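The structure file structure-v4.csv is reproduced below (CSV, C-alpha atoms).
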```
chain,number,residue,atom,x,y,z
N,1,MET,CA,-39.5,71.2,-32.5
N,2,ALA,CA,-36.7,68.7,-33.1
N,3,LEU,CA,-35.5,68.3,-36.7
N,4,ILE,CA,-36.1,65.0,-38.2
N,5,ASN,CA,-33.8,63.8,-41.0
N,6,PRO,CA,-35.5,60.9,-42.7
N,7,LYS,CA,-32.5,60.2,-45.0
N,8,LYS,CA,-30.1,59.7,-42.0
N,9,ARG,CA,-32.9,58.4,-39.8
N,10,GLU,CA,-31.9,60.9,-37.2
N,11,VAL,CA,-33.6,63.2,-34.8
N,12,GLN,CA,-31.7,66.4,-34.0
N,13,VAL,CA,-32.5,67.7,-30.5
N,14,LYS,CA,-31.5,71.2,-29.6
N,15,ILE,CA,-30.6,72.0,-26.0
N,16,VAL,CA,-29.6,75.6,-25.0
N,17,TYR,CA,-27.7,76.7,-21.9
N,18,TYR,CA,-29.1,80.0,-20.8
N,19,GLY,CA,-28.4,82.5,-18.0
N,20,PRO,CA,-26.6,85.7,-17.0
N,21,GLY,CA,-23.2,86.7,-18.4
N,22,ARG,CA,-20.2,85.0,-16.8
N,23,GLY,CA,-22.5,82.6,-15.0
N,24,GLY,CA,-20.8,79.4,-16.2
N,25,LYS,CA,-22.6,78.4,-19.4
N,26,THR,CA,-19.5,78.2,-21.5
N,27,THR,CA,-17.6,76.4,-18.7
N,28,ASN,CA,-20.4,73.8,-18.6
N,29,LEU,CA,-20.0,73.1,-22.3
N,30,GLU,CA,-16.2,73.1,-22.2
N,31,TYR,CA,-16.3,70.6,-19.3
N,32,ILE,CA,-18.7,68.3,-21.3
N,33,ASN,CA,-16.6,68.6,-24.4
N,34,ARG,CA,-13.5,67.4,-22.4
N,35,LYS,CA,-15.2,64.8,-20.3
N,36,PHE,CA,-17.1,63.1,-23.1
N,37,LYS,CA,-14.7,63.6,-26.0
N,38,LYS,CA,-15.6,60.2,-27.6
N,39,ARG,CA,-19.3,61.2,-27.9
N,40,ILE,CA,-18.6,64.5,-29.5
N,41,LEU,CA,-19.3,64.3,-33.2
N,42,ASN,CA,-17.4,67.4,-34.3
N,43,GLU,CA,-15.3,70.3,-33.1
N,44,MET,CA,-16.8,72.7,-30.7
N,45,VAL,CA,-17.7,75.9,-32.6
N,46,THR,CA,-17.2,79.2,-30.9
N,47,VAL,CA,-18.8,82.3,-32.3
N,48,LYS,CA,-17.1,85.3,-30.6
N,49,THR,CA,-18.9,88.5,-30.0
N,50,TYR,CA,-17.2,91.4,-28.3
N,51,GLY,CA,-16.7,90.3,-24.7
N,52,ASP,CA,-18.9,87.2,-24.9
N,53,ARG,CA,-19.2,83.9,-26.8
N,54,THR,CA,-21.8,81.6,-28.2
N,55,LEU,CA,-20.7,77.9,-28.4
N,56,PHE,CA,-22.2,74.8,-29.8
N,57,PHE,CA,-21.4,71.2,-30.7
N,58,ASP,CA,-23.2,68.0,-31.5
N,59,PHE,CA,-23.3,65.4,-28.8
N,60,LEU,CA,-24.1,61.7,-29.1
N,61,PRO,CA,-26.2,60.9,-26.0
N,62,PHE,CA,-25.9,57.9,-23.8
N,63,ASP,CA,-28.0,54.8,-24.4
N,64,ILE,CA,-31.5,56.3,-24.4
N,65,GLY,CA,-32.8,54.4,-27.4
N,66,GLU,CA,-34.4,55.9,-30.5
N,67,ILE,CA,-37.3,58.0,-31.4
N,68,LYS,CA,-39.6,56.2,-34.0
N,69,GLY,CA,-36.6,54.2,-35.3
N,70,HIS,CA,-34.4,57.3,-35.6
N,71,SER,CA,-31.1,57.7,-33.8
N,72,ILE,CA,-30.9,60.8,-31.5
N,73,LYS,CA,-28.3,63.5,-32.0
N,74,ILE,CA,-28.1,66.3,-29.3
N,75,GLN,CA,-27.0,69.8,-30.2
N,76,LEU,CA,-25.7,71.7,-27.2
N,77,TYR,CA,-25.7,75.5,-27.4
N,78,THR,CA,-24.8,78.4,-25.1
N,79,VAL,CA,-26.1,81.9,-25.5
N,80,PRO,CA,-24.2,85.1,-24.9
N,81,GLY,CA,-25.2,86.3,-21.4
N,82,GLN,CA,-24.8,90.0,-21.8
N,83,VAL,CA,-28.0,92.1,-22.3
N,84,LYS,CA,-26.7,93.8,-25.4
N,85,TYR,CA,-26.7,90.5,-27.3
N,86,ASN,CA,-30.4,89.8,-26.9
N,87,ALA,CA,-31.0,89.5,-30.6
N,88,THR,CA,-28.3,86.7,-30.7
N,89,ARG,CA,-29.9,85.0,-27.7
N,90,ARG,CA,-33.2,85.0,-29.4
N,91,LEU,CA,-31.7,83.6,-32.6
N,92,VAL,CA,-30.0,80.7,-30.6
N,93,LEU,CA,-33.4,79.9,-29.0
N,94,ARG,CA,-35.1,79.3,-32.3
N,95,GLY,CA,-36.2,75.7,-32.5
N,96,VAL,CA,-35.0,74.9,-28.9
N,97,ASP,CA,-36.3,71.6,-27.4
N,98,GLY,CA,-34.9,71.9,-23.9
N,99,ILE,CA,-33.2,74.5,-21.7
N,100,VAL,CA,-30.6,74.5,-18.8
N,101,PHE,CA,-30.8,77.7,-16.9
N,102,VAL,CA,-27.4,78.4,-15.4
N,103,ALA,CA,-27.7,80.7,-12.4
N,104,ASP,CA,-24.8,82.4,-10.8
N,105,SER,CA,-24.6,81.7,-7.0
N,106,MET,CA,-22.6,84.8,-6.2
N,107,ASP,CA,-24.5,87.0,-3.8
N,108,LEU,CA,-24.0,90.1,-6.0
N,109,ARG,CA,-25.5,88.4,-9.0
N,110,ARG,CA,-29.0,87.8,-7.5
N,111,GLU,CA,-30.7,90.5,-9.5
N,112,MET,CA,-29.0,89.5,-12.7
N,113,ASN,CA,-30.3,85.9,-12.3
N,114,ILE,CA,-33.8,87.1,-11.9
N,115,ARG,CA,-33.6,89.4,-14.9
N,116,SER,CA,-32.0,86.7,-17.1
N,117,LEU,CA,-34.8,84.3,-16.3
N,118,GLN,CA,-37.4,86.9,-17.1
N,119,ASN,CA,-35.6,87.6,-20.4
N,120,LEU,CA,-35.7,83.8,-21.2
N,121,LYS,CA,-39.4,83.8,-20.6
N,122,GLU,CA,-39.9,86.8,-22.9
N,123,ASN,CA,-37.7,85.4,-25.7
N,124,LEU,CA,-39.4,82.0,-25.6
N,125,GLU,CA,-42.8,83.9,-26.0
N,126,THR,CA,-41.5,85.4,-29.3
N,127,PHE,CA,-41.5,81.7,-30.6
N,128,ASN,CA,-44.9,81.0,-29.0
N,129,LYS,CA,-43.2,78.8,-26.4
N,130,ASN,CA,-44.1,78.8,-22.7
N,131,ILE,CA,-41.4,78.5,-20.1
N,132,PHE,CA,-43.8,76.3,-18.0
N,133,ASN,CA,-44.2,73.7,-20.8
N,134,ILE,CA,-40.7,73.3,-22.1
N,135,PRO,CA,-38.2,70.8,-20.6
N,136,LEU,CA,-36.1,72.8,-18.2
N,137,VAL,CA,-33.4,72.1,-15.6
N,138,MET,CA,-32.0,74.7,-13.2
N,139,GLN,CA,-28.3,74.7,-12.3
N,140,TYR,CA,-27.1,76.7,-9.4
N,141,ASN,CA,-23.5,77.2,-10.4
N,142,LYS,CA,-20.3,78.4,-8.6
N,143,ARG,CA,-21.1,76.7,-5.3
N,144,ASP,CA,-17.3,76.2,-4.9
N,145,LEU,CA,-16.9,79.9,-4.3
N,146,ALA,CA,-18.0,79.4,-0.7
N,147,ASP,CA,-14.7,77.6,-0.1
N,148,GLU,CA,-12.9,80.8,-1.0
N,149,GLY,CA,-14.9,82.9,1.4
N,150,ILE,CA,-16.9,84.6,-1.4
N,151,PRO,CA,-20.5,85.3,-0.3
N,152,ILE,CA,-22.9,83.1,-2.2
N,153,LEU,CA,-26.7,82.8,-2.2
N,154,SER,CA,-28.3,80.0,-0.3
N,155,GLY,CA,-30.0,77.2,-2.2
N,156,GLU,CA,-33.3,78.3,-0.6
N,157,THR,CA,-32.9,81.9,-1.9
N,158,LEU,CA,-32.1,80.6,-5.4
N,159,GLN,CA,-35.1,78.3,-5.3
N,160,LYS,CA,-37.4,81.1,-4.1
N,161,ASP,CA,-36.1,83.6,-6.6
N,162,LEU,CA,-36.0,81.4,-9.7
N,163,ASN,CA,-37.8,78.1,-9.2
N,164,SER,CA,-40.7,78.5,-6.8
N,165,ARG,CA,-43.3,78.6,-9.6
N,166,LEU,CA,-41.5,76.6,-12.3
N,167,ASN,CA,-40.7,73.7,-10.0
N,168,ALA,CA,-38.1,72.4,-12.4
N,169,PRO,CA,-35.4,69.8,-11.4
N,170,TYR,CA,-32.3,71.6,-10.0
N,171,PHE,CA,-28.7,70.9,-9.2
N,172,PRO,CA,-26.1,72.8,-7.1
N,173,ALA,CA,-23.0,72.8,-9.3
N,174,SER,CA,-19.5,73.9,-9.9
N,175,ALA,CA,-18.8,73.9,-13.6
N,176,ILE,CA,-15.2,74.7,-13.1
N,177,ARG,CA,-14.7,71.6,-11.0
N,178,GLY,CA,-17.3,69.6,-12.9
N,179,ASP,CA,-19.6,69.0,-9.9
N,180,ASN,CA,-23.1,68.0,-11.2
N,181,VAL,CA,-22.3,69.2,-14.8
N,182,ALA,CA,-22.9,65.7,-16.2
N,183,ALA,CA,-25.9,65.2,-13.9
N,184,THR,CA,-27.5,68.4,-15.2
N,185,MET,CA,-26.8,67.4,-18.8
N,186,LYS,CA,-28.2,63.9,-18.4
N,187,LYS,CA,-31.3,65.2,-16.8
N,188,ILE,CA,-32.1,67.7,-19.5
N,189,ILE,CA,-31.5,65.2,-22.2
N,190,ALA,CA,-33.8,62.6,-20.5
N,191,LEU,CA,-36.6,65.2,-20.0
N,192,THR,CA,-36.3,66.5,-23.6
N,193,VAL,CA,-36.2,63.1,-25.3
N,194,SER,CA,-39.2,62.0,-23.2
N,195,SER,CA,-41.1,65.1,-24.1
N,196,LEU,CA,-40.3,64.6,-27.8
N,197,ARG,CA,-41.3,60.9,-27.7
N,198,LYS,CA,-44.8,62.0,-26.4
N,199,LYS,CA,-45.2,64.6,-29.1
N,200,LEU,CA,-44.1,62.3,-31.9
N,201,GLN,CA,-46.3,59.4,-30.9
```
Written as structure tokens, that's how I'd like the structure from this file.
Amino acid sequence: MALINPKKREVQVKIVYYGPGRGGKTTNLEYINRKFKKRILNEMVTVKTYGDRTLFFDFLPFDIGEIKGHSIKIQLYTVPGQVKYNATRRLVLRGVDGIVFVADSMDLRREMNIRSLQNLKENLETFNKNIFNIPLVMQYNKRDLADEGIPILSGETLQKDLNSRLNAPYFPASAIRGDNVAATMKKIIALTVSSLRKKLQ
């Protein structure tokens, strides 16, 4: 649940970018950090693990009002994607309010996407959270690879594999080019803030 700071009259909302290793979670946050520099409240913090990284920074959202007279501060996090860092992933998920699942569109990553989504579901359950009840946006990243002749999964295949039961909003994207990175972020912020408003009424 979001952290409420009565002294600062501020609600801290935690959004986590989740998905397989090297799928583009970090690239999403780096793009947001560059594109919306004026709204970033602090330096982006990178916690390096061997061969992978966890990132986070505080983000001042667009004009979406307040929650119960409190201003809203968004904390954006990524998790390390590699399987061996599951304990870290679980730690980052603690207190999460909304999730962006970043799937890798590369053909050969199909199985990894499915396993990573299952892992998210299981890790949420350790905090008594249900993947069907938490604000969630799917992002099908690396669509630009098709231009380079690299085989990618069709949107239909990604939907069938990952989103047929969840029925979450989804965006085809290229985090490296910035295509739909902001749209993904705005959607998850809107869904998460709306969900918190209902809970806090």
May I have a table of the residues of segment 98-153 of chain N lying at most 8 Å from segment 22-45 of chain N, giving each one's closest pair of atoms and their distance in Å to one decimal, counting only C-alpha atoms, ordered by chain and ascending residue number, as a Markdown table?
```
| residue | atom | partner | partner_atom | distance |
| --- | --- | --- | --- | --- |
| N:Val102 | CA | N:Lys25 | CA | 6.2 |
| N:Ala103 | CA | N:Gly23 | CA | 6.1 |
| N:Asp104 | CA | N:Gly23 | CA | 4.8 |
| N:Asn141 | CA | N:Gly24 | CA | 6.8 |
| N:Lys142 | CA | N:Gly24 | CA | 7.7 |
```
task = Within 8 Å of segment 94-99 of chain N, counting all atoms listed in the file, which residues show up once you throw out same-chain ones fewer than 3 positions away? Write them as a ChimeraX atom specification, please.
result = /N:1-2,13-18,90-91,127,134-137,188-189,191-192
key: Pairwise distance for atom CA of Glu125 of chain N and atom CA of Asn113 of chain N, rounded to one decimal in Å   =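 Going from atom CA of Glu125 of chain N over to atom CA of Asn113 of chain N covers 18.7 Å.
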Please, which residues are within 10 Å of (-19.7, 65.7, -14.4) by the file's coordinates, counting all atoms listed in the file, and could they come as a compact mmCIF listing (two decimals) with C-alpha atoms, in the frame of the given file?
```txt
# COMPACT_ATOMS: atom_id res chain seq x y z
CA ASN N 28 -20.40 73.80 -18.60
CA TYR N 31 -16.30 70.60 -19.30
CA ILE N 32 -18.70 68.30 -21.30
CA LYS N 35 -15.20 64.80 -20.30
CA PHE N 36 -17.10 63.10 -23.10
CA ALA N 173 -23.00 72.80 -9.30
CA SER N 174 -19.50 73.90 -9.90
CA ALA N 175 -18.80 73.90 -13.60
CA ARG N 177 -14.70 71.60 -11.00
CA GLY N 178 -17.30 69.60 -12.90
CA ASP N 179 -19.60 69.00 -9.90
CA ASN N 180 -23.10 68.00 -11.20
CA VAL N 181 -22.30 69.20 -14.80
CA ALA N 182 -22.90 65.70 -16.20
CA ALA N 183 -25.90 65.20 -13.90
CA THR N 184 -27.50 68.40 -15.20
CA MET N 185 -26.80 67.40 -18.80
CA LYS N 186 -28.20 63.90 -18.40
```
inquiry  = Could you tell me how far atom CA of Arg109 of chain N sits from atom CA of Ile152 of chain N, in Å to one decimal place?
reply    =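 A separation of 9.0 Å between them.
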remark   = In terms of all atoms listed in the file, the residue from N:Thr157, N:Pro172, N:Leu162, N:Thr126 at minimal distance from Asp144 of chain N is N:Pro172
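Note that atom CA of Lys73 of chain N and atom CA of Leu166 of chain N are 27.1 Å apart.
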